[in-house]
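Q: Take a look at this one; I'll ask things after.
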Amino acid sequence: MLEEVERWLDRRSWSVADRPLERVLAAKRGTTVSVVLPALNEEATVGDIVSVIRRELMSESVPLVDELVVIDSGSTDRTAEVAAAAGARVVARDAILPRIPAVPGKGEVLWRSLMVTGGDIVCFVDADLRDFSADFVTGIVGPLLTDPDVDFVKAMYDRPLGDAPGQGGRVTELVARPLLNLHWPQLAGFVQPLGGEYAARRSLLERLPFPVGYGVELGLLVDALHTVGLDALAQVDVGVRKHRHQDGRALGRMAAAIYRTAQLRLSRGHLVRPWLTQFERDETGFTPRTYAVDTEERPPMAEIVEYARRRVA
């Protein structure tokens, strides 16, 4: 298995510099590209990301991205207003597929985004990135345009924690990487398996179930492996990713959701309880707080009647 991973790393791991923008544009031809930003209270960063994409990838001279959509999942700040002012089309999560009541979670937003975008390639970018570079888009879209055998591309990057390089991605190192190495060792070569920047062909995404919460990245990666095989997956080094970091308790809830997502894929018959208890100190001592762990998954979008009708139309 190690030899297979090493061969994959040699064959399917690239740098953004390996595909200059001119080459990517030349390969685009009639393929359409949608960029989706899932957003919840990201007014501080979403506008800059939208502006960079609009300016550098959606001009007459560089028409790489055909549509840019921000899916607002109930923000209480000015996220929607800022994104629209920067030039994005903003769609409220709850306005998509109203027949199916929305639930909180990032995966829910990504799943619904397939209903309101039309690109042959769908590129997801988190809305909390700072010092955003267009390389995050061109890097992961490039292989899909230049190599017809590639279906799913993850960004890889350094994730600093404050001033410490490489110390971000704590849930990746403590939870996701051990799970993948133990249970899906073919995926051991992915540097950022939980990263929120990845692109895939719509024809693949519409066939995959979407965990509604934090487990969506792990779930999509594992299911893509089983659907199209390792050689159809790739990763591209896009540099450094700077973003807002979660506190320890939020990371614990994220870890629980990711573990649950993995367990669902390992054995549908032997599941741990879908709850996580954490402790907070107050004036009386340590007080337990119990949180539900995301367990729901949305079915492949291709099975949704409204989506099938839209595709026919």
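Within each chain, counting starts at residue 1; across the structure tokens, chains are named A, B, ... in the order shown, with ligands numbered 1 upward in that order.
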Taking 5 positions as the minimum chain separation for residues in the same chain, which residues sit within 9 Å of A:Arg78 when counting only C-alpha atoms? Answer as JSON, numbers by chain.

A: {"A": [41, 42, 43, 44, 83]}

Q: Write the residues of the selection above to a file with C-alpha atoms, as an mmCIF file, in the first residue's frame.

A:
data_model
loop_
_atom_site.group_PDB
_atom_site.id
_atom_site.type_symbol
_atom_site.label_atom_id
_atom_site.label_comp_id
_atom_site.auth_asym_id
_atom_site.auth_seq_id
_atom_site.Cartn_x
_atom_site.Cartn_y
_atom_site.Cartn_z
ATOM 1 C CA ASN A 41 -20.812 35.506 9.471
ATOM 2 C CA GLU A 42 -17.753 36.144 7.302
ATOM 3 C CA GLU A 43 -18.193 39.857 6.556
ATOM 4 C CA ALA A 44 -14.544 40.526 7.411
ATOM 5 C CA ALA A 83 -20.429 39.654 -0.845
#

Q: Would you pick out the contacts of stretch 100-108 of chain A at 10 Å or less, using only C-alpha atoms, so that residues sharing its chain but fewer than 6 positions from it are not included, and give the list as a PyMOL selection string?

A: chain A and resi 38-40+73-74+93-94+126+196+209-217+219-220+294+296-298

Q: Can you work out which one of A:Gln192, A:Thr32, A:Gln186, A:Ser61 has the shortest atom-to-atom distance to A:Glu4, counting only C-alpha atoms?

A: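 Distance minimum relative to A:Glu4 lands on A:Gln186.
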
Q: Please give the complete set of residues from stretch 56-136 of chain A that DSSP, run on the backbone, assigns to strand (DSSP E), formatted as a list in words.

A: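 Matching residues for strand (DSSP E) in stretch 56-136 of chain A are Glu67, Leu68, Val69, Val70, Ile71, Asp72, Arg89, Val90, Val91, Ala92, Ile121, Val122, Cys123, Phe124, Leu129 and Arg130 of chain A.
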
Q: Restricting the output to all heavy atoms, write the selected residues as a compact mmCIF listing (two decimals), in the first residue's frame.

A:
# COMPACT_ATOMS: atom_id res chain seq x y z
N GLU A 67 -19.12 31.52 -13.00
CA GLU A 67 -20.06 32.04 -12.00
C GLU A 67 -19.45 31.92 -10.61
O GLU A 67 -18.69 31.00 -10.31
CB GLU A 67 -21.42 31.34 -12.06
CG GLU A 67 -21.42 29.87 -11.71
CD GLU A 67 -22.82 29.29 -11.66
OE1 GLU A 67 -23.81 30.04 -11.63
OE2 GLU A 67 -22.93 28.04 -11.67
N LEU A 68 -19.79 32.90 -9.78
CA LEU A 68 -19.28 32.99 -8.41
C LEU A 68 -20.46 33.18 -7.49
O LEU A 68 -21.16 34.20 -7.56
CB LEU A 68 -18.30 34.16 -8.30
CG LEU A 68 -17.76 34.52 -6.92
CD1 LEU A 68 -17.09 33.33 -6.26
CD2 LEU A 68 -16.79 35.70 -7.02
N VAL A 69 -20.70 32.19 -6.64
CA VAL A 69 -21.90 32.18 -5.80
C VAL A 69 -21.51 32.06 -4.34
O VAL A 69 -20.73 31.18 -3.96
CB VAL A 69 -22.84 31.01 -6.19
CG1 VAL A 69 -24.10 31.04 -5.33
CG2 VAL A 69 -23.19 31.07 -7.66
N VAL A 70 -22.04 32.94 -3.52
CA VAL A 70 -21.90 32.85 -2.07
C VAL A 70 -23.21 32.31 -1.52
O VAL A 70 -24.28 32.88 -1.76
CB VAL A 70 -21.57 34.22 -1.45
CG1 VAL A 70 -21.65 34.15 0.08
CG2 VAL A 70 -20.19 34.69 -1.88
N ILE A 71 -23.12 31.20 -0.81
CA ILE A 71 -24.31 30.63 -0.16
C ILE A 71 -24.28 31.08 1.29
O ILE A 71 -23.43 30.65 2.08
CB ILE A 71 -24.34 29.10 -0.25
CG1 ILE A 71 -24.12 28.62 -1.69
CG2 ILE A 71 -25.67 28.57 0.30
CD1 ILE A 71 -25.21 28.96 -2.65
N ASP A 72 -25.22 31.94 1.66
CA ASP A 72 -25.27 32.47 3.02
C ASP A 72 -26.14 31.56 3.87
O ASP A 72 -27.33 31.39 3.61
CB ASP A 72 -25.85 33.88 2.99
CG ASP A 72 -25.87 34.51 4.37
OD1 ASP A 72 -25.10 34.07 5.24
OD2 ASP A 72 -26.66 35.45 4.58
N ARG A 89 -22.92 36.57 -6.70
CA ARG A 89 -24.35 36.27 -6.58
C ARG A 89 -24.55 35.61 -5.23
O ARG A 89 -23.89 34.62 -4.91
CB ARG A 89 -24.81 35.34 -7.71
CG ARG A 89 -26.28 34.91 -7.59
CD ARG A 89 -26.82 34.38 -8.92
NE ARG A 89 -26.13 33.18 -9.36
CZ ARG A 89 -26.61 31.94 -9.15
NH1 ARG A 89 -27.75 31.74 -8.49
NH2 ARG A 89 -25.94 30.88 -9.60
N VAL A 90 -25.43 36.15 -4.43
CA VAL A 90 -25.65 35.64 -3.07
C VAL A 90 -26.99 34.93 -3.02
O VAL A 90 -28.02 35.48 -3.44
CB VAL A 90 -25.61 36.78 -2.03
CG1 VAL A 90 -25.87 36.24 -0.63
CG2 VAL A 90 -24.27 37.50 -2.09
N VAL A 91 -26.98 33.71 -2.51
CA VAL A 91 -28.19 32.92 -2.39
C VAL A 91 -28.31 32.46 -0.94
O VAL A 91 -27.34 31.95 -0.36
CB VAL A 91 -28.17 31.69 -3.32
CG1 VAL A 91 -29.48 30.91 -3.21
CG2 VAL A 91 -27.91 32.10 -4.76
N ALA A 92 -29.47 32.63 -0.36
CA ALA A 92 -29.70 32.17 1.01
C ALA A 92 -29.90 30.67 1.02
O ALA A 92 -30.62 30.12 0.18
CB ALA A 92 -30.93 32.88 1.59
N ILE A 121 -17.53 22.08 -13.67
CA ILE A 121 -16.60 21.93 -12.56
C ILE A 121 -17.08 22.84 -11.44
O ILE A 121 -17.40 24.01 -11.67
CB ILE A 121 -15.16 22.31 -12.98
CG1 ILE A 121 -14.62 21.29 -13.99
CG2 ILE A 121 -14.24 22.40 -11.76
CD1 ILE A 121 -13.30 21.70 -14.61
N VAL A 122 -17.14 22.30 -10.23
CA VAL A 122 -17.55 23.09 -9.06
C VAL A 122 -16.36 23.19 -8.12
O VAL A 122 -15.77 22.18 -7.75
CB VAL A 122 -18.75 22.45 -8.34
CG1 VAL A 122 -19.18 23.33 -7.17
CG2 VAL A 122 -19.91 22.24 -9.31
N CYS A 123 -16.03 24.41 -7.75
CA CYS A 123 -14.87 24.69 -6.90
C CYS A 123 -15.36 25.30 -5.59
O CYS A 123 -16.03 26.34 -5.60
CB CYS A 123 -13.93 25.64 -7.63
SG CYS A 123 -12.53 26.23 -6.68
N PHE A 124 -15.05 24.67 -4.47
CA PHE A 124 -15.45 25.17 -3.16
C PHE A 124 -14.28 25.90 -2.51
O PHE A 124 -13.14 25.41 -2.52
CB PHE A 124 -15.88 24.02 -2.26
CG PHE A 124 -17.08 23.25 -2.75
CD1 PHE A 124 -17.01 21.88 -2.97
CD2 PHE A 124 -18.27 23.89 -3.01
CE1 PHE A 124 -18.10 21.17 -3.42
CE2 PHE A 124 -19.38 23.19 -3.47
CZ PHE A 124 -19.29 21.83 -3.67
N LEU A 129 -10.91 32.90 4.55
CA LEU A 129 -9.49 32.99 4.22
C LEU A 129 -9.01 34.44 4.22
O LEU A 129 -9.69 35.34 3.74
CB LEU A 129 -9.21 32.38 2.84
CG LEU A 129 -9.60 30.91 2.64
CD1 LEU A 129 -9.07 30.42 1.30
CD2 LEU A 129 -9.10 30.04 3.77
N ARG A 130 -7.80 34.65 4.75
CA ARG A 130 -7.16 35.96 4.73
C ARG A 130 -6.00 35.95 3.74
O ARG A 130 -5.45 34.90 3.45
CB ARG A 130 -6.64 36.32 6.13
CG ARG A 130 -7.75 36.50 7.16
CD ARG A 130 -7.20 36.94 8.50
NE ARG A 130 -6.50 35.86 9.20
CZ ARG A 130 -5.19 35.80 9.38
NH1 ARG A 130 -4.40 36.75 8.90
NH2 ARG A 130 -4.64 34.79 10.04

Q: With only C-alpha atoms as the basis for distance, which of A:Leu208, A:Ala85, A:Ala80, A:Val116 is at the shortest distance from A:Glu303?

A: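 Checking each of A:Leu208, A:Ala85, A:Ala80, A:Val116 against A:Glu303, counting only C-alpha atoms, the winner is A:Leu208.
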
Q: Running DSSP on the backbone, which parts of stretch 59-209 of chain A land in alpha helix (DSSP H), as a PyMOL selection string?

A: chain A and resi 79-86+106-113+135-146+170-171+177-183+202-205
